Amino acid sequence: MIELRNINKTFKVARRNAGFGEALKALFRKEYTYIHALKDVTFTIGDGEMVGYIGPNGAGKSSTIKIMSGILNPDSGECIINGLTPWKNRKEHVRNIGVVFGQRSQLWWDVPVIDSFELIRDIYKVDEAVYRRNLDELVEMLDLAEIMRTPARQLSLGQRMRCEIAASLLHDPKILFLDEPTIGLDAVSKIAVRNFIRRINNERKTTVILTTHDMQDIEALTERILLIGKGRILLDGSLSELKKRNSEYRTITLEYSCGEFEEIHGITKQSQINGHAVFSVDTNIITVSDAIAHLSKNADITDISVVGASAEEMVVSLYEEFKI
Amino acid sequence: MKQYLSLFRIRFINSLQYRATAYGGMVTQFFWGFMTLLLFRAFYKSGAADFPMEFSRLSSYIWLQQAFLTLFMIWYFDMDIFNSITSGNVAYELARPVDLYKMWFTKNVATRLSRATLRSFPILIVAALLPKPYGFSLPYSFTNFAMFLITAVLAFLIVMAFCMLVYISTFYTMSSLGVRIVAAALSDFLTGGIIPLPFLPDNVQRIIGLTPFASMQNLPFLIYSGHIAGAEMFRGIMLQVFWLAALVFIGRLWMNSALKRVVIQGG
């Protein structure tokens with residue numbers, strides 16, 4: 001059970017204009033601005049939930065993760081995770097959590113990955129039998145048998161990320177924080193990582209909190225979404241609710257050999273190049289079948305597809321809606 | 001405890017890998033020791049009586065210093081630790097159920113010990129084969145040798161505790177370079193790294209004697225050659241114990257307050 005109540009965090013940032021004169025001035029008097037990274041952040045996450053934590057860059061996602069993993073002290077507010085306050089009971093708290101920072105590495109650079117795993121086993125004092133079982137399971141699920149014996153520096157990003165995730169699960173954490181776990185991965189690795197995260201959540205009932213910019217991650221993994229912008233929680237709901245909010249729009253994509261299209265109320269042309277046209281249809285004004293009938297009137301259409309808003313578009317419209 | 005032993009092990013093995021560095025280091029240190037001795041020989045020729053130490057004792061001092069350079073020189077910092085602070089990777093270390101002070105201390109001890117393991121014996125063996133008075137001689141007495149071992153261990157720990165302060169300062173300064181250079185230059189002189197402390201004027205010696213620097217390489221090396229003997233050795237150990245306790249205490253306190261305000265930037 002994770003409970004955050006009115007968490008606030010402010011960072012002091014030095015600012016100056018470009019140029020030599022400004023740099024000199026800054027030697028004597030530095031100007032600071034205060035950035036409110038988190039403002040009254042409040043939410044509750046139950047055991048075994050999988051939550052997608054989204055928001056634009058600089059919204060406060062990572063700060064929240066750092067507070068929840070005991071690395072950062074907030075200025076004020078309460079955070080209780082399984083009965084412990086992360087920054088006060090850091091050592092006890094981190095024993096029960098696993099963390100993956102997609103942009104950093106926890107593996108020892110020069111030694112085979114398995115050595116790092118064994119060090120982690122000793123650091124968390126994992127029972128040998130438990131360690132064996134977890135390792136075998138992770139090796140099988142993430143296909144690590146070969147790469148485990150390679151030094152971390154010689155792994156590709158996708159291989160390394162699989163090892164990173166395995167490393168954070170060796171001690172049976174109850175909660176797993178994933179900060180951009182699929183950043184920079186190719187499609188195959190992304191899918192492997194996603195499948196694995198889903199399996200861990202299903203089989204071990206591990207609570208997973210995931211931050212990402214990849215909306216496919218969100219669509220594939222999470223039912224619940226927390227949207228943060230400018231340090232505030234703007235939305236806390238399910239993906240399907242979010243979809244409903246945007247359900248009045250459909251995108252119609254056409255391939256055509258000849259002819260032309262005429263925009264009418266409810267149909268907006270988004271692009272048209274070389275026999276390929278995209279329209280957005282507001283279903284409050286015109287039904288999809290009427291729209292198709294209208295568009296096919298003066299043109300010879302060879303192919304047509306109709307899709308609802310993608311997660312990506314929904315998020316863009318959310319960001320626009322909240323002006324973040 | 002097992003956590004730290006395991007950390008020690010991986011770090012020790014990790015550092016043992018760098019064989020080329022070890023060979024290079026050995027040659028450099030041997031050459032450096034030889035040059036230093038030639039320099040001192042020139043001074044001694046003009047009047048050996050003016051110097052506080054017999055030349056053969058000085059030789060032993062220099063060879064010990066070169067052989068155990070990686071143990072006692074302050075400037076032999078662990079770059080990994082600075083990098084983990086400036087790059088923010090310390091976030092991962094903080095997300096582990098370990099004491100960061102102990103973890104870094106262990107890491108440091110392991111790195112330095114593994115480097116010393118590779119280098120010290122070849123240097124000492126070759127130095128022992130050199131003709132008198134340039135070579136490395138046997139210890140002054142059995143008691144002195146035993147005391148040398150004890151004070152060397154304490155000196156090593158004091159050096160570590162001092163280095164910890166430099167590491168922790170990086171939490172505040174962001175770039176470790178400035179502190180590192182000042183600490184390296186000052187300590188090189190004050191620990192007797194450039195010239196042995198007995199060569200300094202009495203008043204200066206007395207003041208340095210009160211600082212932790214005199215409790216580092218100075219004490220064990222002088223005990224080995226018998227320059228310090230008898231009751232003075234025990235006084236030295238007492239001072240060492242005091243400085244070790246004080247530096248560790250200050251370091252832990254400082255680390256705790258640094259971690260309260262730590263901000264992992266970016267990402």
# chains A, B, ... in the order shown; residues from 1 in each chain; ligands from 1
$ interface_residues --of "chain B" --to "chain A" --cutoff "10 Å" --atoms "only C-alpha atoms" --output "PyMOL selection string"
chain B and resi 1-11+13-15+17+87-99+259-267
$ select_by_dssp --residues "region 84-279 of chain A" --states "strand (DSSP E)" --output "mmCIF file with C-alpha atoms, in the first residue's frame"
data_model
loop_
_atom_site.group_PDB
_atom_site.id
_atom_site.type_symbol
_atom_site.label_atom_id
_atom_site.label_comp_id
_atom_site.auth_asym_id
_atom_site.auth_seq_id
_atom_site.Cartn_x
_atom_site.Cartn_y
_atom_site.Cartn_z
ATOM 1 C CA ILE A 97 11.393 -2.322 -3.214
ATOM 2 C CA GLY A 98 13.102 -2.766 -6.540
ATOM 3 C CA VAL A 99 14.099 0.197 -8.668
ATOM 4 C CA VAL A 100 15.127 0.469 -12.296
ATOM 5 C CA PHE A 101 16.280 3.837 -13.590
ATOM 6 C CA ILE A 175 6.975 -2.919 -5.126
ATOM 7 C CA LEU A 176 8.807 -2.304 -8.364
ATOM 8 C CA PHE A 177 9.548 1.214 -9.584
ATOM 9 C CA LEU A 178 10.384 1.430 -13.253
ATOM 10 C CA ASP A 179 11.599 4.797 -14.431
ATOM 11 C CA THR A 207 2.965 -3.640 -7.361
ATOM 12 C CA VAL A 208 4.414 -1.907 -10.411
ATOM 13 C CA ILE A 209 4.758 1.828 -10.881
ATOM 14 C CA LEU A 210 5.929 2.737 -14.309
ATOM 15 C CA THR A 211 6.932 6.068 -15.753
ATOM 16 C CA ARG A 224 -4.695 2.941 -14.198
ATOM 17 C CA ILE A 225 -3.048 6.194 -15.166
ATOM 18 C CA LEU A 226 -1.738 9.048 -13.074
ATOM 19 C CA LEU A 227 -1.099 12.201 -15.044
ATOM 20 C CA ILE A 228 1.246 14.761 -13.575
ATOM 21 C CA GLY A 229 1.981 18.188 -14.999
ATOM 22 C CA ARG A 232 0.463 18.569 -9.791
ATOM 23 C CA ILE A 233 -1.535 15.399 -10.204
ATOM 24 C CA LEU A 234 -4.013 16.325 -12.915
ATOM 25 C CA LEU A 235 -5.768 13.099 -13.539
ATOM 26 C CA ASP A 236 -6.124 9.770 -11.813
ATOM 27 C CA GLY A 237 -8.216 7.287 -13.716
ATOM 28 C CA SER A 238 -8.317 4.293 -15.987
ATOM 29 C CA TYR A 249 -13.188 11.658 -32.700
ATOM 30 C CA ARG A 250 -12.302 9.167 -35.431
ATOM 31 C CA THR A 251 -9.527 9.338 -37.922
ATOM 32 C CA ILE A 252 -10.315 8.208 -41.468
ATOM 33 C CA THR A 253 -7.369 7.417 -43.709
ATOM 34 C CA LEU A 254 -7.998 7.052 -47.436
ATOM 35 C CA GLU A 255 -6.050 5.835 -50.443
ATOM 36 C CA TYR A 256 -7.566 7.026 -53.710
ATOM 37 C CA SER A 257 -6.755 6.940 -57.430
ATOM 38 C CA CYS A 258 -8.536 10.094 -58.561
ATOM 39 C CA GLY A 259 -11.090 12.659 -57.489
ATOM 40 C CA ILE A 267 -15.030 16.595 -41.224
ATOM 41 C CA THR A 268 -11.605 18.214 -41.078
ATOM 42 C CA LYS A 269 -8.864 17.427 -43.513
ATOM 43 C CA GLN A 270 -5.550 16.832 -41.800
ATOM 44 C CA SER A 271 -3.358 15.993 -44.763
ATOM 45 C CA GLN A 272 -3.550 15.070 -48.417
ATOM 46 C CA ILE A 273 -0.572 14.009 -50.475
ATOM 47 C CA HIS A 276 -3.273 9.587 -49.514
ATOM 48 C CA ALA A 277 -5.597 11.652 -47.343
ATOM 49 C CA VAL A 278 -6.352 11.816 -43.632
ATOM 50 C CA PHE A 279 -9.539 13.264 -42.135
#
$ residues_around --residues "Phe189 (chain B)" --least-positions-apart "3" --cutoff "12 Å" --atoms "only C-alpha atoms" --output "ChimeraX atom specification"
/B:73-75,182-186,192-197,199-200,204-205,208,213-214,216-218
$ select_by_dssp --residues "region 55-262 of chain A" --states "helix (DSSP H, G or I)" --output "compact mmCIF listing (two decimals) with N, CA and C atoms, in the first residue's frame"
# COMPACT_ATOMS: atom_id res chain seq x y z
N LYS A 61 7.79 13.50 -12.51
CA LYS A 61 7.68 12.04 -12.40
C LYS A 61 8.85 11.44 -11.63
N SER A 62 10.06 11.76 -12.10
CA SER A 62 11.23 11.17 -11.48
C SER A 62 11.37 11.60 -10.03
N SER A 63 11.04 12.85 -9.75
CA SER A 63 11.12 13.32 -8.37
C SER A 63 10.22 12.49 -7.48
N THR A 64 9.01 12.20 -7.97
CA THR A 64 8.09 11.40 -7.16
C THR A 64 8.67 10.01 -6.92
N ILE A 65 9.22 9.40 -7.99
CA ILE A 65 9.82 8.07 -7.86
C ILE A 65 10.96 8.11 -6.84
N LYS A 66 11.77 9.16 -6.93
CA LYS A 66 12.91 9.26 -6.01
C LYS A 66 12.44 9.41 -4.57
N ILE A 67 11.35 10.14 -4.38
CA ILE A 67 10.83 10.28 -3.02
C ILE A 67 10.31 8.93 -2.52
N MET A 68 9.60 8.23 -3.41
CA MET A 68 9.03 6.95 -3.00
C MET A 68 10.12 5.89 -2.78
N ARG A 90 15.02 4.56 5.57
CA ARG A 90 15.50 4.21 4.25
C ARG A 90 15.92 2.75 4.14
N LYS A 91 16.75 2.29 5.08
CA LYS A 91 17.29 0.94 4.94
C LYS A 91 16.22 -0.15 4.98
N GLU A 92 15.28 -0.02 5.92
CA GLU A 92 14.22 -1.04 5.98
C GLU A 92 13.33 -0.97 4.75
N HIS A 93 13.05 0.28 4.35
CA HIS A 93 12.13 0.49 3.24
C HIS A 93 12.68 -0.09 1.94
N VAL A 94 13.94 0.22 1.60
CA VAL A 94 14.45 -0.19 0.30
C VAL A 94 14.63 -1.71 0.19
N VAL A 113 27.75 -10.16 -15.60
CA VAL A 113 26.53 -9.75 -14.93
C VAL A 113 26.23 -10.64 -13.71
N ILE A 114 26.58 -11.92 -13.84
CA ILE A 114 26.27 -12.84 -12.75
C ILE A 114 26.97 -12.43 -11.45
N ASP A 115 28.17 -11.84 -11.56
CA ASP A 115 28.86 -11.35 -10.37
C ASP A 115 28.06 -10.22 -9.71
N SER A 116 27.50 -9.35 -10.52
CA SER A 116 26.66 -8.27 -9.97
C SER A 116 25.46 -8.86 -9.26
N PHE A 117 24.86 -9.89 -9.88
CA PHE A 117 23.70 -10.53 -9.27
C PHE A 117 24.05 -11.10 -7.90
N GLU A 118 25.23 -11.72 -7.82
CA GLU A 118 25.61 -12.33 -6.54
C GLU A 118 25.88 -11.28 -5.48
N LEU A 119 26.44 -10.16 -5.92
CA LEU A 119 26.66 -9.07 -4.98
C LEU A 119 25.31 -8.56 -4.45
N ILE A 120 24.36 -8.43 -5.35
CA ILE A 120 23.04 -7.95 -4.95
C ILE A 120 22.40 -8.95 -3.98
N ARG A 121 22.60 -10.24 -4.26
CA ARG A 121 22.09 -11.27 -3.35
C ARG A 121 22.64 -11.05 -1.94
N ASP A 122 23.94 -10.80 -1.85
CA ASP A 122 24.55 -10.62 -0.53
C ASP A 122 24.13 -9.31 0.12
N ILE A 123 23.98 -8.27 -0.70
CA ILE A 123 23.59 -6.97 -0.15
C ILE A 123 22.19 -7.04 0.45
N GLU A 128 19.77 -18.37 -0.01
CA GLU A 128 20.33 -19.03 -1.19
C GLU A 128 19.25 -19.74 -2.03
N ALA A 129 18.33 -20.44 -1.35
CA ALA A 129 17.29 -21.18 -2.07
C ALA A 129 16.39 -20.22 -2.84
N VAL A 130 16.03 -19.12 -2.17
CA VAL A 130 15.17 -18.12 -2.82
C VAL A 130 15.89 -17.52 -4.01
N TYR A 131 17.18 -17.23 -3.81
CA TYR A 131 17.97 -16.63 -4.88
C TYR A 131 18.02 -17.56 -6.10
N ARG A 132 18.30 -18.85 -5.85
CA ARG A 132 18.35 -19.84 -6.93
C ARG A 132 17.04 -19.84 -7.71
N ARG A 133 15.94 -19.94 -6.94
CA ARG A 133 14.63 -20.03 -7.59
C ARG A 133 14.37 -18.78 -8.43
N ASN A 134 14.60 -17.60 -7.83
CA ASN A 134 14.37 -16.35 -8.56
C ASN A 134 15.25 -16.25 -9.78
N LEU A 135 16.52 -16.62 -9.60
CA LEU A 135 17.45 -16.49 -10.71
C LEU A 135 17.02 -17.40 -11.86
N ASP A 136 16.70 -18.66 -11.55
CA ASP A 136 16.28 -19.58 -12.60
C ASP A 136 15.07 -19.05 -13.34
N GLU A 137 14.12 -18.54 -12.55
CA GLU A 137 12.90 -18.02 -13.15
C GLU A 137 13.20 -16.83 -14.06
N LEU A 138 14.02 -15.91 -13.55
CA LEU A 138 14.33 -14.70 -14.33
C LEU A 138 15.13 -15.04 -15.57
N VAL A 139 16.05 -15.98 -15.43
CA VAL A 139 16.88 -16.38 -16.57
C VAL A 139 15.99 -16.96 -17.67
N GLU A 140 15.01 -17.75 -17.23
CA GLU A 140 14.11 -18.36 -18.21
C GLU A 140 13.22 -17.30 -18.86
N MET A 141 12.63 -16.43 -18.02
CA MET A 141 11.68 -15.45 -18.54
C MET A 141 12.35 -14.41 -19.42
N LEU A 142 13.54 -13.99 -19.05
CA LEU A 142 14.18 -12.90 -19.79
C LEU A 142 15.27 -13.40 -20.73
N ILE A 147 23.82 -14.19 -21.87
CA ILE A 147 24.34 -12.83 -21.63
C ILE A 147 24.77 -12.62 -20.18
N MET A 148 24.30 -13.49 -19.29
CA MET A 148 24.62 -13.34 -17.88
C MET A 148 26.12 -13.49 -17.63
N ARG A 149 26.78 -14.22 -18.52
CA ARG A 149 28.21 -14.47 -18.28
C ARG A 149 29.11 -13.46 -18.99
N ALA A 152 29.10 -6.45 -18.27
CA ALA A 152 28.00 -5.53 -18.56
C ALA A 152 28.35 -4.57 -19.69
N ARG A 153 29.63 -4.16 -19.75
CA ARG A 153 29.98 -3.15 -20.75
C ARG A 153 29.85 -3.67 -22.17
N GLN A 154 29.85 -5.01 -22.33
CA GLN A 154 29.77 -5.55 -23.68
C GLN A 154 28.36 -5.93 -24.10
N LEU A 157 22.09 -2.43 -25.41
CA LEU A 157 21.18 -1.75 -24.49
C LEU A 157 20.01 -2.65 -24.08
N GLY A 158 19.45 -3.37 -25.07
CA GLY A 158 18.32 -4.24 -24.77
C GLY A 158 18.70 -5.36 -23.83
N GLN A 159 19.87 -5.96 -24.06
CA GLN A 159 20.33 -7.02 -23.17
C GLN A 159 20.58 -6.47 -21.78
N ARG A 160 21.18 -5.29 -21.74
CA ARG A 160 21.50 -4.72 -20.44
C ARG A 160 20.23 -4.41 -19.66
N MET A 161 19.24 -3.88 -20.37
CA MET A 161 18.00 -3.53 -19.68
C MET A 161 17.34 -4.77 -19.09
N ARG A 162 17.40 -5.88 -19.82
CA ARG A 162 16.84 -7.12 -19.29
C ARG A 162 17.57 -7.51 -18.01
N CYS A 163 18.88 -7.35 -18.03
CA CYS A 163 19.67 -7.67 -16.83
C CYS A 163 19.35 -6.72 -15.68
N GLU A 164 19.17 -5.44 -16.02
CA GLU A 164 18.85 -4.46 -14.99
C GLU A 164 17.54 -4.83 -14.29
N ILE A 165 16.57 -5.21 -15.11
CA ILE A 165 15.27 -5.53 -14.53
C ILE A 165 15.38 -6.79 -13.67
N ALA A 166 16.12 -7.77 -14.17
CA ALA A 166 16.33 -8.98 -13.37
C ALA A 166 17.01 -8.63 -12.05
N ALA A 167 18.02 -7.75 -12.12
CA ALA A 167 18.77 -7.38 -10.91
C ALA A 167 17.87 -6.76 -9.86
N ALA A 187 11.99 -2.61 -30.98
CA ALA A 187 10.63 -3.11 -30.83
C ALA A 187 10.60 -4.48 -30.16
N VAL A 188 11.52 -5.36 -30.54
CA VAL A 188 11.53 -6.71 -29.97
C VAL A 188 11.81 -6.67 -28.48
N SER A 189 12.83 -5.91 -28.10
CA SER A 189 13.18 -5.82 -26.68
C SER A 189 12.05 -5.18 -25.88
N LYS A 190 11.41 -4.16 -26.48
CA LYS A 190 10.31 -3.48 -25.79
C LYS A 190 9.22 -4.48 -25.46
N ILE A 191 8.87 -5.28 -26.46
CA ILE A 191 7.79 -6.24 -26.25
C ILE A 191 8.19 -7.28 -25.20
N ALA A 192 9.45 -7.72 -25.26
CA ALA A 192 9.92 -8.69 -24.27
C ALA A 192 9.83 -8.11 -22.86
N VAL A 193 10.27 -6.86 -22.72
CA VAL A 193 10.24 -6.23 -21.40
C VAL A 193 8.80 -6.06 -20.93
N ARG A 194 7.92 -5.65 -21.84
CA ARG A 194 6.51 -5.47 -21.46
C ARG A 194 5.88 -6.78 -21.01
N ASN A 195 6.10 -7.82 -21.82
CA ASN A 195 5.52 -9.11 -21.44
C ASN A 195 6.00 -9.54 -20.06
N PHE A 196 7.27 -9.31 -19.84
CA PHE A 196 7.84 -9.71 -18.57
C PHE A 196 7.21 -8.94 -17.41
N ILE A 197 7.07 -7.62 -17.58
CA ILE A 197 6.49 -6.80 -16.51
C ILE A 197 5.07 -7.28 -16.20
N ARG A 198 4.33 -7.60 -17.26
CA ARG A 198 2.96 -8.05 -17.05
C ARG A 198 2.94 -9.37 -16.27
N ARG A 199 3.88 -10.24 -16.63
CA ARG A 199 3.93 -11.55 -15.97
C ARG A 199 4.28 -11.42 -14.49
N ILE A 200 5.23 -10.57 -14.20
CA ILE A 200 5.65 -10.37 -12.81
C ILE A 200 4.48 -9.85 -11.99
N ASN A 201 3.75 -8.90 -12.60
CA ASN A 201 2.60 -8.33 -11.90
C ASN A 201 1.51 -9.38 -11.68
N ASN A 202 1.29 -10.24 -12.67
CA ASN A 202 0.26 -11.27 -12.54
C ASN A 202 0.65 -12.37 -11.57
N GLU A 203 1.87 -12.88 -11.75
CA GLU A 203 2.25 -14.07 -11.02
C GLU A 203 2.72 -13.78 -9.61
N MET A 215 3.63 5.64 -25.15
CA MET A 215 2.23 5.38 -24.85
C MET A 215 1.84 3.94 -25.12
N GLN A 216 2.64 3.27 -25.98
CA GLN A 216 2.35 1.86 -26.20
C GLN A 216 2.61 1.06 -24.93
N ASP A 217 3.61 1.48 -24.17
CA ASP A 217 3.85 0.84 -22.87
C ASP A 217 2.59 0.93 -22.03
N ILE A 218 2.06 2.14 -21.98
CA ILE A 218 0.89 2.38 -21.15
C ILE A 218 -0.28 1.53 -21.63
N GLU A 219 -0.47 1.54 -22.95
CA GLU A 219 -1.61 0.81 -23.50
C GLU A 219 -1.46 -0.69 -23.23
N ALA A 220 -0.22 -1.19 -23.36
CA ALA A 220 0.00 -2.62 -23.20
C ALA A 220 -0.04 -3.06 -21.74
N LEU A 221 0.26 -2.15 -20.84
CA LEU A 221 0.49 -2.60 -19.47
C LEU A 221 -0.53 -2.16 -18.44
N LEU A 239 -7.46 3.87 -18.16
CA LEU A 239 -7.20 4.15 -19.57
C LEU A 239 -8.51 4.18 -20.36
N SER A 240 -9.44 3.29 -19.99
CA SER A 240 -10.69 3.25 -20.75
C SER A 240 -11.52 4.51 -20.52
N GLU A 241 -11.49 5.04 -19.30
CA GLU A 241 -12.18 6.31 -19.05
C GLU A 241 -11.61 7.40 -19.93
N LEU A 242 -10.28 7.37 -20.00
CA LEU A 242 -9.59 8.37 -20.78
C LEU A 242 -10.00 8.25 -22.24
N LYS A 243 -10.13 7.01 -22.68
CA LYS A 243 -10.51 6.78 -24.07
C LYS A 243 -11.90 7.34 -24.35
N LYS A 244 -12.79 7.17 -23.37
CA LYS A 244 -14.16 7.66 -23.55
C LYS A 244 -14.18 9.16 -23.74
N ARG A 245 -13.33 9.84 -22.98
CA ARG A 245 -13.27 11.29 -23.10
C ARG A 245 -12.97 11.72 -24.52
$ residues_around --residues "region 148-158 of chain B" --least-positions-apart "6" --cutoff "8 Å" --atoms "only C-alpha atoms" --output "list in words"
Leu71, Phe72, Pro212, Ser215, Met216, Gln217, Leu219, Pro220, Phe221, Ile223, Tyr224, Ile237, Gln240, Val241, Trp243, Leu244 and Leu247 of chain B
$ write_last_selection --atoms "C-alpha atoms" --output "PDB file, in the first residue's frame"
ATOM      1  CA  LEU B  71      47.764   2.280   0.607  1.00  0.00           C
ATOM      2  CA  PHE B  72      48.974   5.506   2.153  1.00  0.00           C
ATOM      3  CA  PRO B 212      46.081  13.349  11.649  1.00  0.00           C
ATOM      4  CA  SER B 215      49.601   9.427  12.040  1.00  0.00           C
ATOM      5  CA  MET B 216      49.502   8.234   8.447  1.00  0.00           C
ATOM      6  CA  GLN B 217      52.570   6.830   6.647  1.00  0.00           C
ATOM      7  CA  LEU B 219      54.518   6.654  11.963  1.00  0.00           C
ATOM      8  CA  PRO B 220      54.735   3.051  10.681  1.00  0.00           C
ATOM      9  CA  PHE B 221      57.654   3.800   8.363  1.00  0.00           C
ATOM     10  CA  ILE B 223      58.886   2.618  13.478  1.00  0.00           C
ATOM     11  CA  TYR B 224      60.059   0.048  10.936  1.00  0.00           C
ATOM     12  CA  ILE B 237      49.262   4.395  18.504  1.00  0.00           C
ATOM     13  CA  GLN B 240      46.267   7.123  15.777  1.00  0.00           C
ATOM     14  CA  VAL B 241      43.293   5.589  17.548  1.00  0.00           C
ATOM     15  CA  TRP B 243      42.333  10.373  14.943  1.00  0.00           C
ATOM     16  CA  LEU B 244      40.711   7.315  13.448  1.00  0.00           C
ATOM     17  CA  LEU B 247      37.666  11.224  11.449  1.00  0.00           C
TER      18      LEU B 247
END
$ residues_around --residues "Leu38 (chain A)" --least-positions-apart "5" --cutoff "8 Å" --atoms "only C-alpha atoms" --output "list in words"
Ile7, Asn8, Lys9, Thr10, Gly60, Ser63, Thr64, Lys230, Gly231 and Arg232 of chain A
$ write_last_selection --atoms "N, CA and C atoms" --output "JSON list (two decimals), in the first residue's frame"
[["chain", "number", "residue", "atom", "x", "y", "z"],
["A", 7, "ILE", "N", 2.55, 15.96, -0.80],
["A", 7, "ILE", "CA", 4.00, 16.02, -0.93],
["A", 7, "ILE", "C", 4.40, 17.26, -1.73],
["A", 8, "ASN", "N", 5.35, 18.02, -1.17],
["A", 8, "ASN", "CA", 5.87, 19.21, -1.84],
["A", 8, "ASN", "C", 7.37, 19.11, -1.95],
["A", 9, "LYS", "N", 7.89, 19.57, -3.07],
["A", 9, "LYS", "CA", 9.34, 19.62, -3.20],
["A", 9, "LYS", "C", 9.73, 20.81, -4.07],
["A", 10, "THR", "N", 10.68, 21.60, -3.58],
["A", 10, "THR", "CA", 11.15, 22.76, -4.31],
["A", 10, "THR", "C", 12.63, 22.62, -4.59],
["A", 60, "GLY", "N", 7.77, 16.16, -12.99],
["A", 60, "GLY", "CA", 7.92, 15.73, -11.60],
["A", 60, "GLY", "C", 7.81, 14.23, -11.41],
["A", 63, "SER", "N", 11.04, 12.85, -9.75],
["A", 63, "SER", "CA", 11.12, 13.32, -8.37],
["A", 63, "SER", "C", 10.22, 12.49, -7.48],
["A", 64, "THR", "N", 9.01, 12.20, -7.97],
["A", 64, "THR", "CA", 8.09, 11.40, -7.16],
["A", 64, "THR", "C", 8.67, 10.01, -6.92],
["A", 230, "LYS", "N", 3.43, 20.00, -14.35],
["A", 230, "LYS", "CA", 3.87, 21.13, -13.53],
["A", 230, "LYS", "C", 3.75, 20.83, -12.04],
["A", 231, "GLY", "N", 4.09, 19.61, -11.67],
["A", 231, "GLY", "CA", 4.16, 19.28, -10.25],
["A", 231, "GLY", "C", 2.84, 18.92, -9.61],
["A", 232, "ARG", "N", 1.75, 18.92, -10.37],
["A", 232, "ARG", "CA", 0.46, 18.57, -9.79],
["A", 232, "ARG", "C", -0.09, 17.31, -10.43]]
$ atom_distance --atom1 "CA of Ala145 (chain A)" --atom2 "CA of Leu185 (chain A)"
20.0 Å
$ atom_distance --atom1 "CA of Gly209 (chain B)" --atom2 "CA of Met147 (chain B)"
18.4 Å
$ closest_residue --among "B:Thr211, B:Gly226, B:Ile85, B:Leu64" --to "Phe142 (chain B)" --atoms "only C-alpha atoms"
B:Gly226
$ closest_residue --among "B:His227, B:Ser114, B:Lys102, B:Phe30" --to "Tyr18 (chain B)" --atoms "only C-alpha atoms"
B:Ser114
$ residues_around --residues "region 30-35 of chain A" --least-positions-apart "2" --cutoff "8 Å" --atoms "only C-alpha atoms" --output "PyMOL selection string"
chain A and resi 10-16+25-28+37
$ atom_distance --atom1 "CA of Thr222 (chain A)" --atom2 "CA of Thr182 (chain A)"
14.4 Å
$ closest_residue --among "B:Phe171, B:Leu38, B:Gly178, B:Asp188" --to "Tyr76 (chain B)" --atoms "only C-alpha atoms"
B:Asp188
$ decode --residues "region 90-114 of chain A" --atoms "C-alpha atoms" --output "PDB file, in the first residue's frame"
ATOM      1  CA  ARG A  90      15.503   4.214   4.250  1.00  0.00           C
ATOM      2  CA  LYS A  91      17.293   0.938   4.937  1.00  0.00           C
ATOM      3  CA  GLU A  92      14.222  -1.041   5.983  1.00  0.00           C
ATOM      4  CA  HIS A  93      12.134   0.486   3.238  1.00  0.00           C
ATOM      5  CA  VAL A  94      14.454  -0.189   0.300  1.00  0.00           C
ATOM      6  CA  ARG A  95      14.697  -3.847   1.276  1.00  0.00           C
ATOM      7  CA  ASN A  96      11.126  -4.245   0.008  1.00  0.00           C
ATOM      8  CA  ILE A  97      11.393  -2.322  -3.214  1.00  0.00           C
ATOM      9  CA  GLY A  98      13.102  -2.766  -6.540  1.00  0.00           C
ATOM     10  CA  VAL A  99      14.099   0.197  -8.668  1.00  0.00           C
ATOM     11  CA  VAL A 100      15.127   0.469 -12.296  1.00  0.00           C
ATOM     12  CA  PHE A 101      16.280   3.837 -13.590  1.00  0.00           C
ATOM     13  CA  GLY A 102      16.239   3.405 -17.358  1.00  0.00           C
ATOM     14  CA  GLN A 103      18.984   5.942 -17.857  1.00  0.00           C
ATOM     15  CA  ARG A 104      21.417   4.597 -15.275  1.00  0.00           C
ATOM     16  CA  SER A 105      23.032   1.280 -14.607  1.00  0.00           C
ATOM     17  CA  GLN A 106      23.286  -0.737 -11.436  1.00  0.00           C
ATOM     18  CA  LEU A 107      25.495  -3.447 -12.923  1.00  0.00           C
ATOM     19  CA  TRP A 108      29.228  -3.527 -12.376  1.00  0.00           C
ATOM     20  CA  TRP A 109      30.731  -2.435 -15.596  1.00  0.00           C
ATOM     21  CA  ASP A 110      33.781  -4.663 -15.838  1.00  0.00           C
ATOM     22  CA  VAL A 111      32.610  -7.975 -14.451  1.00  0.00           C
ATOM     23  CA  PRO A 112      30.117 -10.537 -15.797  1.00  0.00           C
ATOM     24  CA  VAL A 113      26.530  -9.752 -14.926  1.00  0.00           C
ATOM     25  CA  ILE A 114      26.265 -12.842 -12.750  1.00  0.00           C
TER      26      ILE A 114
END
